[in-house]
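Structure record follows, encoded as structure tokens.
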Amino acid sequence: MRLLVLGAGEVGQAFAKAVRLFHGFSDVTIADLSQEAAARAASLCGAQGMKVDIEDAAALEAILRRHDIVVSTIGPASRFAVPLLRRVIAAGCHFVDVTDDPLPTLDMLALDAAAGAAGVTAIIGCGASPGISNLLAVHATSQLERTDRLLTFWGSHGEEKESLGNGVTAALRHWVEQISMPIPVWRDGGIVSARPLDRVEVDYPGIGRVSTRLVGHPEAVTLPRKYPSLQECLNVMNFSGYVHAALDRAARDVRTNGLTIDQAAARLAASLDERRGRFRPGDAMSYVYHGVSDALRGKKWLPPLGAVAEGWRGRKRMVVGAALNGTIPGGTGFLTALPAVIAADMIVTRMIKRSGVATPEQLIDPEAFFFALWPFLVDGQGASLSTDAAAIAVTTAPLSPPDRQSRITAARA
């Protein structure tokens, strides 16, 4: 099939590197508003680079008509996601994207009937989180007979020098947006508005209770479509006390101090620039204070990406944790792009046949997905994992039912 990749930024370039390893695509084109960026990404996989403005309806329609499947890495989703999907459906192309904004995700899912009528398969939110996290959640729930509470999570695992401090990026702007305004989550059988950055206690087997922060993400509102009996579904993040304090300040900058998202993101980027040590005096004091505080409290870390399911197995209340059993080298761009490549390959090889708009947990077989993912995993020493069974680490333990209010508490600096 003829593949069109929209966007040649960090994720688009990582997609170009990953797609070389898959052979289901007869022809690959990478398109971007910048001809130079498109050519640079295309050179990574022997593809054709092309300039295109996706807001130019006629130009976009012309290029869509020449392809069978489209992968989108562009943002912001609030501006581009729904109009782009409408045009892709009209052109009859299959579609994969990495959208991580909950509200556009729900709007895109509303186009399910239109895509089904056109015979189009569209898998949305198929990156690391959402994407891998959704399928880890499916694997965790499969260990239970009934699931009441489901959480997906991501964080630094204490290695923030490798994951933060890259300047003002689209991802950082999105992060500020999702912590500075009410977010949708699933509670008591429906979608409700919640306050971001509230503390959420996560019981992870083998690790114990970990204090995390609530953040807006699609998993919290898409996973209940597969598991409507859930009483609660949330997405949380797990970083150091210093990062959480910096996020608190960024949220206040927007909500209270009148800064724009871009201005708050710039201040946050400066606060997180620990790799170069360019701290403002107040940030340096906060960094030392929270570092000492985390150490004295014996801060616990969740895996960098995973899911926790709480529920019942027979008459026993259980908690199940699922995470990748290893790491995927190449940074967050490659970690985001690789699942999209796998999903696109599954569409073109007919492993996914159902048409319509859906999220990964609705269409993708987790066993097949993690079998495709495991060759990219390495262990802590950089050695490749050797069996598909090693792709997922699952841990299970009995769960004592603590009072709900003790597990979700307001967090304010």
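In the structure tokens, chains take letters A, B, ... by order of appearance, with residues numbered from 1 within each chain and ligands from 1 in the order shown.
Within 7 Å of region 45-49 of chain A, once only C-alpha atoms are used and residues closer than 5 positions along the same chain are dropped, the contacting residues are A:Ala16, A:Lys17, A:Arg20, A:Val28, A:Thr29, A:Ile30, A:Ala31, A:Ala38, A:Ala39.
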Excluding Phe370 (chain A) and residues on its chain fewer than 6 positions from it, collect all residues at most 12 Å away from it, counting only C-alpha atoms, and give them as a CSV table (one decimal) with N, CA and C atoms, in the first residue's frame.
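That gives us around_20.csv:
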```csv
chain,number,residue,atom,x,y,z
A,131,GLY,N,-1.8,4.7,23.5
A,131,GLY,CA,-1.3,3.7,22.6
A,131,GLY,C,-0.8,2.5,23.3
A,132,ILE,N,0.5,2.4,23.6
A,132,ILE,CA,1.1,1.3,24.3
A,132,ILE,C,0.4,1.2,25.7
A,133,SER,N,0.1,2.3,26.3
A,133,SER,CA,-0.5,2.3,27.6
A,133,SER,C,-1.9,1.7,27.6
A,135,LEU,N,-3.0,-0.6,25.6
A,135,LEU,CA,-2.9,-2.1,25.4
A,135,LEU,C,-2.3,-2.8,26.6
A,136,LEU,N,-1.5,-2.1,27.4
A,136,LEU,CA,-1.0,-2.6,28.7
A,136,LEU,C,-2.2,-2.7,29.6
A,138,VAL,N,-5.3,-3.2,28.7
A,138,VAL,CA,-6.1,-4.4,28.3
A,138,VAL,C,-5.5,-5.6,28.9
A,139,HIS,N,-4.2,-5.7,28.8
A,139,HIS,CA,-3.5,-6.9,29.4
A,139,HIS,C,-3.7,-7.0,30.9
A,323,ALA,N,3.5,-3.4,32.7
A,323,ALA,CA,4.5,-2.4,32.1
A,323,ALA,C,5.3,-3.1,31.1
A,324,LEU,N,6.0,-2.3,30.3
A,324,LEU,CA,7.0,-2.9,29.4
A,324,LEU,C,8.1,-3.5,30.1
A,325,ASN,N,8.6,-4.7,29.7
A,325,ASN,CA,9.7,-5.4,30.4
A,325,ASN,C,11.0,-5.0,29.7
A,338,LEU,N,6.8,4.3,16.9
A,338,LEU,CA,6.8,2.9,16.7
A,338,LEU,C,5.5,2.2,16.8
A,339,PRO,N,4.6,2.6,17.8
A,339,PRO,CA,3.3,2.0,17.8
A,339,PRO,C,2.4,2.3,16.6
A,342,ILE,N,3.5,0.1,13.7
A,342,ILE,CA,3.0,-1.2,13.9
A,342,ILE,C,1.5,-1.3,13.6
A,343,ALA,N,0.7,-0.3,14.0
A,343,ALA,CA,-0.7,-0.2,13.7
A,343,ALA,C,-1.0,-0.1,12.2
A,364,ILE,N,-6.9,-3.4,18.2
A,364,ILE,CA,-5.6,-4.1,18.1
A,364,ILE,C,-5.6,-5.2,19.1
A,376,PHE,N,12.2,-4.6,19.7
A,376,PHE,CA,12.8,-3.3,19.9
A,376,PHE,C,13.1,-3.0,21.3
A,377,LEU,N,12.7,-3.9,22.2
A,377,LEU,CA,13.0,-3.7,23.7
A,377,LEU,C,14.4,-4.2,24.0
A,387,THR,N,12.6,-13.1,23.9
A,387,THR,CA,11.3,-13.8,23.7
A,387,THR,C,10.1,-12.9,23.7
A,388,ASP,N,9.1,-13.2,23.0
A,388,ASP,CA,7.9,-12.4,23.0
A,388,ASP,C,7.3,-12.3,24.4
A,389,ALA,N,7.4,-13.4,25.2
A,389,ALA,CA,6.9,-13.4,26.5
A,389,ALA,C,7.5,-12.3,27.4
A,390,ALA,N,8.7,-11.9,27.0
A,390,ALA,CA,9.4,-10.9,27.9
A,390,ALA,C,8.9,-9.4,27.6
A,391,ALA,N,8.0,-9.3,26.6
A,391,ALA,CA,7.6,-7.9,26.3
A,391,ALA,C,6.8,-7.2,27.4
A,392,ILE,N,6.1,-7.9,28.2
A,392,ILE,CA,5.2,-7.3,29.2
A,392,ILE,C,5.6,-7.9,30.5
A,393,ALA,N,5.8,-7.1,31.5
A,393,ALA,CA,6.0,-7.5,32.9
A,393,ALA,C,4.7,-7.3,33.7
```
Per residue of region 14-81 of chain A within 12 Å of region 166-183 of chain A, record the nearest atom pair and its distance in Å to one decimal, counting only C-alpha atoms, with rows in chain order and ascending residue number, as a Markdown table.
```
| residue | atom | partner | partner_atom | distance |
| --- | --- | --- | --- | --- |
| A:Thr73 | CA | A:Ala170 | CA | 11.3 |
| A:Ile74 | CA | A:Ala170 | CA | 9.7 |
| A:Gly75 | CA | A:Ala170 | CA | 7.6 |
| A:Pro76 | CA | A:Ala170 | CA | 7.6 |
| A:Ala77 | CA | A:His174 | CA | 9.5 |
| A:Ser78 | CA | A:His174 | CA | 10.1 |
```
**Message:** Using Å and a single decimal, report how far CA of Thr222 (chain A) sits from CA of Gly311 (chain A).
**Reply:** 18.7 Å
**Prompt:** What is the CA of Thr327 (chain A) to CA of Asp379 (chain A) distance in Å?
**Reply:**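 Going from CA of Thr327 (chain A) over to CA of Asp379 (chain A) covers 6.5 Å.
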**Prompt:** Which parts of region 239-393 of chain A does DSSP call strand (DSSP E) when run on the backbone here, written out as a PyMOL selection string?
**Reply:** chain A and resi 305-313+316-324+356-358+392-393
Residues from the last selection, C-alpha atoms, saved as a PDB file, in the first residue's frame:
```pdb
ATOM      1  CA  LEU A 305       4.885   3.567  31.158  1.00  0.00           C
ATOM      2  CA  GLY A 306       2.181   1.202  32.337  1.00  0.00           C
ATOM      3  CA  ALA A 307      -1.258   0.465  33.707  1.00  0.00           C
ATOM      4  CA  VAL A 308      -2.863  -0.688  36.945  1.00  0.00           C
ATOM      5  CA  ALA A 309      -6.168  -2.558  37.145  1.00  0.00           C
ATOM      6  CA  GLU A 310      -8.033  -3.074  40.419  1.00  0.00           C
ATOM      7  CA  GLY A 311     -10.889  -5.530  40.704  1.00  0.00           C
ATOM      8  CA  TRP A 312     -11.867  -9.064  41.530  1.00  0.00           C
ATOM      9  CA  ARG A 313     -10.649 -12.549  40.759  1.00  0.00           C
ATOM     10  CA  LYS A 316     -10.438 -11.968  46.101  1.00  0.00           C
ATOM     11  CA  ARG A 317      -9.885  -8.278  45.509  1.00  0.00           C
ATOM     12  CA  MET A 318      -6.734  -7.953  43.417  1.00  0.00           C
ATOM     13  CA  VAL A 319      -4.501  -5.339  41.820  1.00  0.00           C
ATOM     14  CA  VAL A 320      -2.600  -6.021  38.599  1.00  0.00           C
ATOM     15  CA  GLY A 321       0.280  -3.965  37.229  1.00  0.00           C
ATOM     16  CA  ALA A 322       1.416  -4.175  33.606  1.00  0.00           C
ATOM     17  CA  ALA A 323       4.450  -2.423  32.116  1.00  0.00           C
ATOM     18  CA  LEU A 324       6.982  -2.933  29.362  1.00  0.00           C
ATOM     19  CA  GLY A 356     -14.626   2.795  11.577  1.00  0.00           C
ATOM     20  CA  VAL A 357     -12.866   5.134  13.999  1.00  0.00           C
ATOM     21  CA  ALA A 358     -11.481   3.476  17.133  1.00  0.00           C
ATOM     22  CA  ILE A 392       5.245  -7.324  29.200  1.00  0.00           C
ATOM     23  CA  ALA A 393       5.990  -7.509  32.914  1.00  0.00           C
TER      24      ALA A 393
END
```
**Prompt:** Hey, which of A:Asp112, A:Glu36, A:Asp27, A:Asp53 ends up closest to Arg66 (chain A)? Count only C-alpha atoms.
**Reply:**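 Looking at the shortest contact to Arg66 (chain A), the residue is A:Asp27.
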